[in-house]
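Here's model_30.pdb, which has PDB, C-alpha atoms:
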```pdb
MODEL        1
ATOM      1  CA  MET Y   3      -2.980   6.995   3.023
ATOM      2  CA  ARG Y   4      -0.030   9.286   3.556
ATOM      3  CA  SER Y   5       3.355   8.279   2.178
ATOM      4  CA  VAL Y   6       6.907   8.634   3.403
ATOM      5  CA  ALA Y   7      10.204   8.959   1.559
ATOM      6  CA  ILE Y   8      12.720   6.211   2.347
ATOM      7  CA  GLY Y   9      16.012   6.438   0.518
ATOM      8  CA  GLY Y  10      14.411   8.728  -2.055
ATOM      9  CA  GLU Y  11      11.538   6.317  -2.795
ATOM     10  CA  TRP Y  12       7.956   6.747  -1.588
ATOM     11  CA  PHE Y  13       5.999   4.154   0.407
ATOM     12  CA  SER Y  14       2.700   4.171   2.249
ATOM     13  CA  VAL Y  15       3.361   4.504   5.986
ATOM     14  CA  VAL Y  16       1.529   1.225   6.565
ATOM     15  CA  GLY Y  17       2.821  -1.707   4.520
ATOM     16  CA  LEU Y  18       1.400  -5.214   4.256
ATOM     17  CA  GLY Y  19       3.359  -8.004   5.906
ATOM     18  CA  GLY Y  20       3.382 -10.943   3.514
ATOM     19  CA  PHE Y  21       4.344 -13.631   6.040
ATOM     20  CA  GLU Y  22       0.665 -14.306   6.763
ATOM     21  CA  PHE Y  23       0.147 -15.487   3.162
ATOM     22  CA  GLU Y  24       2.240 -18.550   4.030
ATOM     23  CA  ASP Y  25       2.764 -21.067   1.189
ATOM     24  CA  ASP Y  26      -0.682 -21.957  -0.189
ATOM     25  CA  PRO Y  27      -1.043 -20.779  -3.821
ATOM     26  CA  ASP Y  28      -4.679 -21.862  -3.756
ATOM     27  CA  TRP Y  29      -5.645 -19.806  -0.697
ATOM     28  CA  PRO Y  30      -8.765 -17.986  -1.931
ATOM     29  CA  GLY Y  31      -8.416 -15.139   0.562
ATOM     30  CA  ALA Y  32      -5.161 -13.769  -0.844
ATOM     31  CA  ARG Y  33      -6.887 -11.770  -3.558
ATOM     32  CA  ASP Y  34      -9.384 -10.275  -1.116
ATOM     33  CA  VAL Y  35      -6.703  -9.196   1.353
ATOM     34  CA  LEU Y  36      -4.603  -7.599  -1.374
ATOM     35  CA  LEU Y  37      -7.572  -5.777  -2.867
ATOM     36  CA  ALA Y  38      -8.637  -4.458   0.529
ATOM     37  CA  ALA Y  39      -5.107  -3.268   1.266
ATOM     38  CA  ILE Y  40      -4.662  -1.595  -2.115
ATOM     39  CA  GLU Y  41      -8.054   0.102  -1.949
ATOM     40  CA  ALA Y  42      -7.163   1.403   1.516
ATOM     41  CA  GLY Y  43      -3.963   2.978   0.175
ATOM     42  CA  ILE Y  44      -1.335   0.389   1.120
ATOM     43  CA  ASP Y  45       1.066   0.274  -1.812
ATOM     44  CA  TRP Y  46       3.732  -2.257  -0.759
ATOM     45  CA  ILE Y  47       4.131  -5.757   0.610
ATOM     46  CA  ASP Y  48       7.040  -7.365   2.424
ATOM     47  CA  THR Y  49       8.249 -10.949   2.117
ATOM     48  CA  ALA Y  50      11.496 -12.948   2.388
ATOM     49  CA  GLU Y  51      13.179 -15.946   0.813
ATOM     50  CA  GLN Y  52      12.997 -17.721   4.149
ATOM     51  CA  TYR Y  53       9.220 -17.375   4.517
ATOM     52  CA  SER Y  54       7.690 -20.787   3.825
ATOM     53  CA  ASP Y  55      10.990 -21.937   2.304
ATOM     54  CA  ARG Y  56      10.788 -19.580  -0.696
ATOM     55  CA  LYS Y  57       7.130 -20.399  -1.395
ATOM     56  CA  ASN Y  58       5.765 -17.191   0.157
ATOM     57  CA  GLU Y  59       7.180 -15.076  -2.676
ATOM     58  CA  VAL Y  60       5.496 -17.360  -5.226
ATOM     59  CA  VAL Y  61       2.133 -17.081  -3.441
ATOM     60  CA  ILE Y  62       2.356 -13.292  -3.335
ATOM     61  CA  ALA Y  63       3.247 -13.109  -7.028
ATOM     62  CA  ALA Y  64       0.277 -15.298  -7.950
ATOM     63  CA  ALA Y  65      -2.081 -13.245  -5.798
ATOM     64  CA  LEU Y  66      -0.888  -9.989  -7.353
ATOM     65  CA  ARG Y  67      -1.428 -11.413 -10.840
ATOM     66  CA  ASP Y  68      -4.937 -12.386  -9.797
ATOM     67  CA  VAL Y  69      -5.628  -8.888  -8.501
ATOM     68  CA  GLY Y  70      -4.183  -7.275 -11.615
ATOM     69  CA  GLN Y  71      -2.703  -4.340  -9.731
ATOM     70  CA  PRO Y  72       0.975  -3.945  -8.844
ATOM     71  CA  MET Y  73       2.424  -3.280  -5.415
ATOM     72  CA  LYS Y  74       5.909  -2.260  -4.435
ATOM     73  CA  LEU Y  75       7.896  -5.244  -3.225
ATOM     74  CA  SER Y  76      10.325  -5.790  -0.368
ATOM     75  CA  SER Y  77      12.170  -9.055   0.209
ATOM     76  CA  LYS Y  78      15.053 -10.337   2.297
ATOM     77  CA  ILE Y  79      17.981 -12.744   2.132
ATOM     78  CA  ALA Y  80      18.891 -14.971   5.088
ATOM     79  CA  PRO Y  81      22.302 -16.376   6.046
ATOM     80  CA  LEU Y  82      23.193 -20.034   5.834
ATOM     81  CA  PRO Y  83      21.902 -22.563   6.749
ATOM     82  CA  ASP Y  84      18.352 -21.161   6.554
ATOM     83  CA  GLY Y  85      18.877 -18.950   3.519
ATOM     84  CA  THR Y  86      21.091 -18.589   0.483
ATOM     85  CA  GLY Y  87      23.950 -16.998   2.409
ATOM     86  CA  PHE Y  88      25.810 -13.698   2.586
ATOM     87  CA  GLU Y  89      28.813 -14.249   0.333
ATOM     88  CA  PRO Y  90      28.735 -11.757  -2.566
ATOM     89  CA  LYS Y  91      27.897 -14.403  -5.191
ATOM     90  CA  GLN Y  92      25.184 -15.824  -2.915
ATOM     91  CA  ILE Y  93      23.634 -12.390  -2.432
ATOM     92  CA  ARG Y  94      23.262 -11.878  -6.158
ATOM     93  CA  GLU Y  95      21.945 -15.420  -6.623
ATOM     94  CA  ALA Y  96      19.380 -14.871  -3.870
ATOM     95  CA  CYS Y  97      18.203 -11.541  -5.267
ATOM     96  CA  GLU Y  98      17.822 -12.977  -8.753
ATOM     97  CA  GLY Y  99      15.875 -15.885  -7.235
ATOM     98  CA  SER Y 100      13.487 -13.524  -5.472
ATOM     99  CA  LEU Y 101      12.992 -11.536  -8.674
ATOM    100  CA  GLU Y 102      12.136 -14.719 -10.559
ATOM    101  CA  ARG Y 103       9.710 -15.967  -7.920
ATOM    102  CA  LEU Y 104       8.033 -12.578  -7.639
ATOM    103  CA  GLY Y 105       7.889 -12.165 -11.404
ATOM    104  CA  VAL Y 106       9.491  -8.712 -11.538
ATOM    105  CA  ASP Y 107      12.646  -7.142 -12.936
ATOM    106  CA  ARG Y 108      13.478  -5.027  -9.889
ATOM    107  CA  LEU Y 109      12.635  -4.965  -6.196
ATOM    108  CA  ASP Y 110      11.853  -1.815  -4.257
ATOM    109  CA  MET Y 111      13.638  -2.961  -1.082
ATOM    110  CA  TYR Y 112      16.058  -5.799  -0.499
ATOM    111  CA  LEU Y 113      17.425  -6.514   2.961
ATOM    112  CA  MET Y 114      19.781  -8.815   4.793
ATOM    113  CA  HIS Y 115      17.287 -10.567   7.074
ATOM    114  CA  TYR Y 116      19.389 -11.123  10.216
ATOM    115  CA  PRO Y 117      23.063 -11.676  11.111
ATOM    116  CA  GLY Y 118      24.692 -15.034  10.509
ATOM    117  CA  GLU Y 119      26.653 -16.982  13.097
ATOM    118  CA  SER Y 120      29.727 -14.963  12.150
ATOM    119  CA  ASN Y 121      29.973 -11.340  11.064
ATOM    120  CA  ASP Y 122      33.233 -11.959   9.258
ATOM    121  CA  GLY Y 123      32.970 -10.575   5.769
ATOM    122  CA  LEU Y 124      30.098  -8.205   6.581
ATOM    123  CA  GLU Y 125      31.779  -5.371   4.691
ATOM    124  CA  GLU Y 126      32.113  -7.548   1.576
ATOM    125  CA  SER Y 127      28.467  -8.591   1.910
ATOM    126  CA  TRP Y 128      27.331  -4.995   2.120
ATOM    127  CA  GLY Y 129      29.419  -4.065  -0.884
ATOM    128  CA  ALA Y 130      27.588  -6.791  -2.819
ATOM    129  CA  MET Y 131      24.246  -5.394  -1.646
ATOM    130  CA  ARG Y 132      25.156  -1.941  -2.952
ATOM    131  CA  VAL Y 133      26.128  -3.473  -6.307
ATOM    132  CA  LEU Y 134      22.547  -4.748  -6.615
ATOM    133  CA  VAL Y 135      21.387  -1.127  -6.572
ATOM    134  CA  ASP Y 136      24.021  -0.090  -9.102
ATOM    135  CA  ASP Y 137      22.935  -2.911 -11.410
ATOM    136  CA  GLY Y 138      19.240  -2.063 -11.150
ATOM    137  CA  LEU Y 139      18.092  -5.206  -9.335
ATOM    138  CA  THR Y 140      16.656  -3.237  -6.410
ATOM    139  CA  ARG Y 141      15.981   0.394  -5.633
ATOM    140  CA  LEU Y 142      16.940   0.268  -1.958
ATOM    141  CA  VAL Y 143      18.998  -2.013   0.258
ATOM    142  CA  GLY Y 144      18.865  -2.400   3.993
ATOM    143  CA  LEU Y 145      19.405  -4.473   7.104
ATOM    144  CA  SER Y 146      16.928  -6.250   9.351
ATOM    145  CA  ASN Y 147      17.590  -7.247  12.966
ATOM    146  CA  PHE Y 148      21.153  -5.931  12.951
ATOM    147  CA  GLU Y 149      22.618  -3.935  15.841
ATOM    148  CA  ARG Y 150      24.191  -0.510  15.592
ATOM    149  CA  PRO Y 151      27.872  -1.615  15.502
ATOM    150  CA  GLU Y 152      27.097  -3.891  12.544
ATOM    151  CA  ILE Y 153      25.138  -1.142  10.803
ATOM    152  CA  GLU Y 154      28.075   1.221  11.263
ATOM    153  CA  ARG Y 155      30.386  -1.331   9.651
ATOM    154  CA  CYS Y 156      28.093  -1.364   6.617
ATOM    155  CA  LEU Y 157      27.994   2.434   6.552
ATOM    156  CA  SER Y 158      31.776   2.426   6.249
ATOM    157  CA  VAL Y 159      31.294   0.681   2.890
ATOM    158  CA  GLY Y 160      28.249   2.465   1.506
ATOM    159  CA  SER Y 161      24.920   3.982   2.432
ATOM    160  CA  VAL Y 162      22.232   1.997   4.249
ATOM    161  CA  ASP Y 163      18.802   3.015   2.990
ATOM    162  CA  VAL Y 164      16.542   1.289   5.487
ATOM    163  CA  LEU Y 165      16.425  -0.786   8.654
ATOM    164  CA  GLN Y 166      13.631  -3.239   9.411
ATOM    165  CA  GLU Y 167      13.233  -3.828  13.151
ATOM    166  CA  GLY Y 168      10.591  -5.127  15.519
ATOM    167  CA  LEU Y 169       8.745  -2.610  17.711
ATOM    168  CA  SER Y 170       5.607  -2.536  19.805
ATOM    169  CA  LEU Y 171       4.437  -1.327  23.190
ATOM    170  CA  LEU Y 172       5.193  -4.851  24.405
ATOM    171  CA  ASP Y 173       8.327  -5.920  22.621
ATOM    172  CA  HIS Y 174      11.527  -4.941  20.798
ATOM    173  CA  LEU Y 175      11.675  -1.674  22.748
ATOM    174  CA  GLU Y 176      15.415  -1.315  22.105
ATOM    175  CA  THR Y 177      14.389  -0.227  18.614
ATOM    176  CA  LEU Y 178      13.285   3.146  20.022
ATOM    177  CA  GLU Y 179      16.893   4.163  20.614
ATOM    178  CA  LEU Y 180      18.104   2.648  17.346
ATOM    179  CA  ALA Y 181      15.437   4.531  15.361
ATOM    180  CA  ARG Y 182      16.457   7.837  16.896
ATOM    181  CA  TRP Y 183      20.065   7.185  15.919
ATOM    182  CA  ALA Y 184      19.072   6.045  12.422
ATOM    183  CA  GLN Y 185      17.268   9.324  11.872
ATOM    184  CA  THR Y 186      20.519  11.213  12.483
ATOM    185  CA  GLN Y 187      22.150   9.036   9.806
ATOM    186  CA  GLY Y 188      19.403   9.587   7.234
ATOM    187  CA  ILE Y 189      18.354   5.927   7.416
ATOM    188  CA  GLY Y 190      14.675   5.021   7.194
ATOM    189  CA  VAL Y 191      13.236   2.615   9.761
ATOM    190  CA  VAL Y 192      10.411   0.180   9.003
ATOM    191  CA  THR Y 193       9.008  -1.671  11.997
ATOM    192  CA  TYR Y 194       7.471  -5.130  12.128
ATOM    193  CA  GLU Y 195       5.283  -6.852  14.741
ATOM    194  CA  PRO Y 196       3.692  -3.506  15.736
ATOM    195  CA  LEU Y 197       0.749  -5.453  17.172
ATOM    196  CA  GLY Y 198       2.881  -7.496  19.542
ATOM    197  CA  SER Y 199       2.441 -10.775  17.660
ATOM    198  CA  GLY Y 200      -1.331 -10.367  17.910
ATOM    199  CA  MET Y 201      -1.598  -9.364  21.562
ATOM    200  CA  LEU Y 202      -2.218  -5.698  20.753
ATOM    201  CA  THR Y 203      -5.239  -6.492  18.623
ATOM    202  CA  GLY Y 204      -7.157  -6.871  21.878
ATOM    203  CA  ALA Y 205      -8.558 -10.191  20.658
ATOM    204  CA  ILE Y 206      -6.214 -12.591  22.467
ATOM    205  CA  THR Y 207      -7.929 -14.033  25.531
ATOM    206  CA  SER Y 208      -5.583 -16.887  26.429
ATOM    207  CA  PRO Y 209      -1.885 -17.715  26.078
ATOM    208  CA  ASP Y 210      -2.982 -20.836  24.225
ATOM    209  CA  ASP Y 211      -4.940 -19.038  21.482
ATOM    210  CA  PHE Y 212      -2.291 -20.064  18.951
ATOM    211  CA  ALA Y 213      -2.812 -23.795  19.434
ATOM    212  CA  LYS Y 214      -5.029 -24.230  16.362
ATOM    213  CA  ASP Y 215      -2.573 -22.479  14.021
ATOM    214  CA  LEU Y 216       0.824 -23.337  15.523
ATOM    215  CA  PRO Y 217       1.075 -26.859  16.923
ATOM    216  CA  ASP Y 218       4.514 -26.043  18.347
ATOM    217  CA  TYR Y 219       3.530 -22.558  19.489
ATOM    218  CA  ARG Y 220       5.168 -22.889  22.907
ATOM    219  CA  GLU Y 221       8.563 -23.139  21.188
ATOM    220  CA  TRP Y 222       8.163 -19.857  19.305
ATOM    221  CA  PRO Y 223      10.285 -16.998  20.732
ATOM    222  CA  PHE Y 224       7.414 -14.504  20.561
ATOM    223  CA  TRP Y 225       5.208 -16.809  22.648
ATOM    224  CA  GLN Y 226       7.920 -17.234  25.236
ATOM    225  CA  ARG Y 227       8.465 -13.463  25.457
ATOM    226  CA  LEU Y 228       4.836 -12.346  25.504
ATOM    227  CA  TYR Y 229       2.547 -15.267  26.325
ATOM    228  CA  SER Y 230       4.361 -17.688  28.628
ATOM    229  CA  PRO Y 231       3.240 -18.007  32.275
ATOM    230  CA  GLY Y 232       3.871 -14.773  34.150
ATOM    231  CA  ARG Y 233       4.365 -12.837  30.925
ATOM    232  CA  PHE Y 234       0.876 -13.162  29.481
ATOM    233  CA  GLU Y 235      -0.564 -11.448  32.534
ATOM    234  CA  ARG Y 236       1.799  -8.510  32.027
ATOM    235  CA  SER Y 237       0.955  -8.295  28.317
ATOM    236  CA  GLU Y 238      -2.709  -8.335  29.253
ATOM    237  CA  ALA Y 239      -2.175  -5.474  31.712
ATOM    238  CA  VAL Y 240      -0.872  -3.277  28.895
ATOM    239  CA  VAL Y 241      -3.817  -4.156  26.655
ATOM    240  CA  ASN Y 242      -6.301  -3.451  29.436
ATOM    241  CA  GLY Y 243      -4.678  -0.086  29.987
ATOM    242  CA  MET Y 244      -5.033   0.700  26.294
ATOM    243  CA  ARG Y 245      -8.784   0.083  26.225
ATOM    244  CA  SER Y 246      -9.837   3.366  27.810
ATOM    245  CA  ILE Y 247      -7.254   5.299  25.799
ATOM    246  CA  ALA Y 248      -8.529   3.806  22.528
ATOM    247  CA  GLU Y 249     -12.086   4.705  23.499
ATOM    248  CA  ARG Y 250     -11.028   8.274  24.252
ATOM    249  CA  VAL Y 251      -9.187   8.598  20.940
ATOM    250  CA  GLY Y 252     -12.006   6.933  18.990
ATOM    251  CA  CYS Y 253     -10.102   4.047  17.457
ATOM    252  CA  SER Y 254      -9.526   0.345  18.009
ATOM    253  CA  ILE Y 255      -6.772  -0.997  20.254
ATOM    254  CA  ALA Y 256      -4.913  -2.257  17.175
ATOM    255  CA  GLN Y 257      -5.130   1.151  15.498
ATOM    256  CA  LEU Y 258      -3.874   2.778  18.677
ATOM    257  CA  ALA Y 259      -0.881   0.431  18.738
ATOM    258  CA  LEU Y 260      -0.079   1.154  15.097
ATOM    259  CA  ALA Y 261      -0.473   4.916  15.533
ATOM    260  CA  TRP Y 262       1.858   4.873  18.554
ATOM    261  CA  ASN Y 263       4.407   2.992  16.471
ATOM    262  CA  LEU Y 264       4.237   5.436  13.575
ATOM    263  CA  GLN Y 265       4.669   8.460  15.847
ATOM    264  CA  GLN Y 266       7.929   7.264  17.372
ATOM    265  CA  THR Y 267      10.977   9.346  16.493
ATOM    266  CA  GLY Y 268      12.816   7.922  13.510
ATOM    267  CA  VAL Y 269      10.122   5.427  12.490
ATOM    268  CA  SER Y 270       9.225   5.834   8.825
ATOM    269  CA  ALA Y 271       6.636   3.100   8.289
ATOM    270  CA  THR Y 272       5.288  -0.071   9.831
ATOM    271  CA  LEU Y 273       4.328  -3.505   8.514
ATOM    272  CA  ALA Y 274       1.087  -5.173   9.568
ATOM    273  CA  GLY Y 275       0.291  -8.655   8.298
ATOM    274  CA  THR Y 276      -3.181 -10.161   8.202
ATOM    275  CA  ARG Y 277      -5.332 -12.779   6.486
ATOM    276  CA  SER Y 278      -8.449 -10.633   6.908
ATOM    277  CA  PRO Y 279      -9.587  -7.965   4.406
ATOM    278  CA  ARG Y 280     -11.391  -6.160   7.230
ATOM    279  CA  HIS Y 281      -8.246  -6.033   9.312
ATOM    280  CA  ALA Y 282      -6.217  -4.845   6.315
ATOM    281  CA  ARG Y 283      -8.583  -1.890   5.930
ATOM    282  CA  SER Y 284      -8.575  -1.175   9.653
ATOM    283  CA  ASN Y 285      -4.781  -1.290   9.827
ATOM    284  CA  ALA Y 286      -4.550   1.169   6.943
ATOM    285  CA  GLU Y 287      -6.893   3.577   8.724
ATOM    286  CA  ALA Y 288      -4.434   3.746  11.627
ATOM    287  CA  ALA Y 289      -2.282   6.010   9.450
ATOM    288  CA  ASP Y 290      -4.865   8.745   9.980
ATOM    289  CA  VAL Y 291      -4.944   8.418  13.782
ATOM    290  CA  VAL Y 292      -2.988  11.306  15.296
ATOM    291  CA  LEU Y 293      -2.092  10.973  18.953
ATOM    292  CA  SER Y 294      -1.602  14.024  21.165
ATOM    293  CA  PRO Y 295       1.517  14.348  23.328
ATOM    294  CA  GLU Y 296      -0.678  13.601  26.339
ATOM    295  CA  THR Y 297      -1.970  10.383  24.767
ATOM    296  CA  LEU Y 298       1.526   9.299  23.796
ATOM    297  CA  ALA Y 299       2.632   9.895  27.377
ATOM    298  CA  ASP Y 300      -0.290   7.808  28.666
ATOM    299  CA  LEU Y 301       0.729   4.954  26.386
ATOM    300  CA  ASP Y 302       4.391   5.218  27.325
ATOM    301  CA  ALA Y 303       3.357   4.942  30.966
ATOM    302  CA  LEU Y 304       1.946   1.483  30.226
ATOM    303  CA  ILE Y 305       5.238   0.102  28.894
ATOM    304  CA  PRO Y 306       6.733  -0.764  32.322
ATOM    305  CA  LEU Y 307       3.713  -2.993  32.942
ATOM    306  CA  GLY Y 308       4.689  -5.148  29.972
ATOM    307  CA  PRO Y 309       6.488  -8.479  29.849
ATOM    308  CA  THR Y 310       9.849  -7.383  28.469
ATOM    309  CA  ARG Y 311      10.528  -4.475  30.826
ATOM    310  CA  ASP Y 312      11.437  -5.224  34.452
TER     311      ASP Y 312
ENDMDL
END
```

Using structure tokens, write down the structure that the file contains.
Amino acid sequence: MRSVAIGGEWFSVVGLGGFEFEDDPDWPGARDVLLAAIEAGIDWIDTAEQYSDRKNEVVIAAALRDVGQPMKLSSKIAPLPDGTGFEPKQIREACEGSLERLGVDRLDMYLMHYPGESNDGLEESWGAMRVLVDDGLTRLVGLSNFERPEIERCLSVGSVDVLQEGLSLLDHLETLELARWAQTQGIGVVTYEPLGSGMLTGAITSPDDFAKDLPDYREWPFWQRLYSPGRFERSEAVVNGMRSIAERVGCSIAQLALAWNLQQTGVSATLAGTRSPRHARSNAEAADVVLSPETLADLDALIPLGPTRD
């Protein structure tokens, strides 16, 4: 697995999304997924205080103890009312809470998860984030789901090490422009949902495939964007177009989607979550898939077929 420098620290270009671990400390598959990921060269995992109401961090910590091998850790703080909040004292409280739940003395990345209802005080919040680095509580700090004007406000206070943004051939395509700009600022970009919330695995056959796992799946924003009536057919058109390209390249559709993501200008690394050891290994192998300019152009030509581009 190749690595990339983000803010002076090194990370595997494919990271493990921890959201899939949910909140079950007795889930027997956690150890197997972590072992598969580590053996495949993935050296970091991402979580957040908001995931499973702070239980996700506890599950990940327990699974890592069971494995007996460390991974680099990234976590995030959310605004009120869902998270601890973005006032300076709340930011420190939240970071210390994540450290305690994860059982470590320092994080490798710590990010503000998404903007609150008001951006008042953003400069003070970012100053508090930078203090966490100065005090040794985290190596890097960053922003997730923030737009460029907000990022620039933070830059006026202190450096931004990393952005975490959604990106796939189906969704979050505005990140392409943001990543190019971030590169000019020396900011690393980590993408999430590179597999289009599961659609780009090639395994989704119906818009209702989430019914067994998400009873309220029709209310989820990703389902409305990618799977709702009229949109699922467009998502499916992109996947169908990828099939022949993946066969030509000699990889799976999911690996093709991940490789496309990693070869976008300004993208440093991508996060892929899974509950399957086999998928963890396969996702890691995508780091070795190199796409030619012609193949990238063929994939880009599929984007207008998708559900979020008219």

Which residues fall under the PyMOL selection byres ((chain Y and resi 251-258) around 7) in this file, as an mmCIF file with C-alpha atoms, in the coordinates of the input?
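File selection.cif, as written:
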```cif
data_model
loop_
_atom_site.group_PDB
_atom_site.id
_atom_site.type_symbol
_atom_site.label_atom_id
_atom_site.label_comp_id
_atom_site.auth_asym_id
_atom_site.auth_seq_id
_atom_site.Cartn_x
_atom_site.Cartn_y
_atom_site.Cartn_z
ATOM 1 C CA LEU Y 197 0.749 -5.453 17.172
ATOM 2 C CA LEU Y 202 -2.218 -5.698 20.753
ATOM 3 C CA THR Y 203 -5.239 -6.492 18.623
ATOM 4 C CA GLY Y 204 -7.157 -6.871 21.878
ATOM 5 C CA MET Y 244 -5.033 0.700 26.294
ATOM 6 C CA ARG Y 245 -8.784 0.083 26.225
ATOM 7 C CA ILE Y 247 -7.254 5.299 25.799
ATOM 8 C CA ALA Y 248 -8.529 3.806 22.528
ATOM 9 C CA GLU Y 249 -12.086 4.705 23.499
ATOM 10 C CA ARG Y 250 -11.028 8.274 24.252
ATOM 11 C CA ALA Y 259 -0.881 0.431 18.738
ATOM 12 C CA LEU Y 260 -0.079 1.154 15.097
ATOM 13 C CA ALA Y 261 -0.473 4.916 15.533
ATOM 14 C CA TRP Y 262 1.858 4.873 18.554
ATOM 15 C CA ASN Y 285 -4.781 -1.290 9.827
ATOM 16 C CA ALA Y 288 -4.434 3.746 11.627
#
```

Which of these, Y:Thr86, Y:Gln266, Y:Thr310, Y:Ser14, has the shortest distance to Y:Gly43 once you count all atoms listed in the file?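 Among the listed residues, Y:Ser14 lies closest to Y:Gly43.
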
Matched chain/residue IDs from the PyMOL selection byres ((chain Y and resi 26-42) around 9), as a PyMOL selection string: chain Y and resi 3+17-18+23-25+43-46+57-58+60-62+64-66+68-69+71+73+276-287

So, with all atoms listed in the file as the atoms that count, which of Y:Pro81, Y:Gly105, Y:Gly188, Y:Pro196 lies closest to Y:Gly118? Y:Pro81

Minimum-distance residue to Y:Asp215, chosen among Y:Val106, Y:Val269, Y:Met114, Y:Glu22 (using all atoms listed in the file):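 Result for the nearest residue to Y:Asp215: Y:Glu22.
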
Counting only C-alpha atoms, note down every residue that has an atom within 12 Å of the point (16.4, -20.1, 5.2) (file coordinates), as a compact mmCIF listing (two decimals) with C-alpha atoms, keeping the file's coordinate frame.
```
# COMPACT_ATOMS: atom_id res chain seq x y z
CA ALA Y 50 11.50 -12.95 2.39
CA GLU Y 51 13.18 -15.95 0.81
CA GLN Y 52 13.00 -17.72 4.15
CA TYR Y 53 9.22 -17.38 4.52
CA SER Y 54 7.69 -20.79 3.82
CA ASP Y 55 10.99 -21.94 2.30
CA ARG Y 56 10.79 -19.58 -0.70
CA LYS Y 57 7.13 -20.40 -1.40
CA LYS Y 78 15.05 -10.34 2.30
CA ILE Y 79 17.98 -12.74 2.13
CA ALA Y 80 18.89 -14.97 5.09
CA PRO Y 81 22.30 -16.38 6.05
CA LEU Y 82 23.19 -20.03 5.83
CA PRO Y 83 21.90 -22.56 6.75
CA ASP Y 84 18.35 -21.16 6.55
CA GLY Y 85 18.88 -18.95 3.52
CA THR Y 86 21.09 -18.59 0.48
CA GLY Y 87 23.95 -17.00 2.41
CA PHE Y 88 25.81 -13.70 2.59
CA ALA Y 96 19.38 -14.87 -3.87
CA MET Y 114 19.78 -8.82 4.79
CA HIS Y 115 17.29 -10.57 7.07
CA TYR Y 116 19.39 -11.12 10.22
CA GLY Y 118 24.69 -15.03 10.51
```

Residue members of the PyMOL selection byres ((chain Y and resi 123-125) around 12) in the file shown, as a VMD selection string: chain Y and resid 81 87 to 90 93 114 116 to 122 126 to 132 145 148 151 to 161

Selected residue, from Y:Leu304, Y:Val292, Y:Val240, Y:Ile8, that lies nearest to Y:Gly198 when counting all atoms listed in the file: Y:Val240

For each of Y:Leu273, Y:Ala239, Y:Leu165, Y:Val133, take the minimum atom-to-atom distance to Y:Ser199, counting all atoms listed in the file, then give the residue where this is smallest.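 Smallest separation from Y:Ser199 among the options: Y:Leu273.
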
In Å and to one decimal, atom CA of Y:Arg182 is distant from atom CA of Y:Thr267 by 5.7 Å

With all atoms listed in the file as the atoms that count, which of Y:Val164, Y:Leu169, Y:Ala299, Y:Leu75 lies nearest to Y:Ser100? Y:Leu75

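Between atom CA of Y:Thr272 and atom CA of Y:Arg141 the interatomic distance comes to 18.8 Å.
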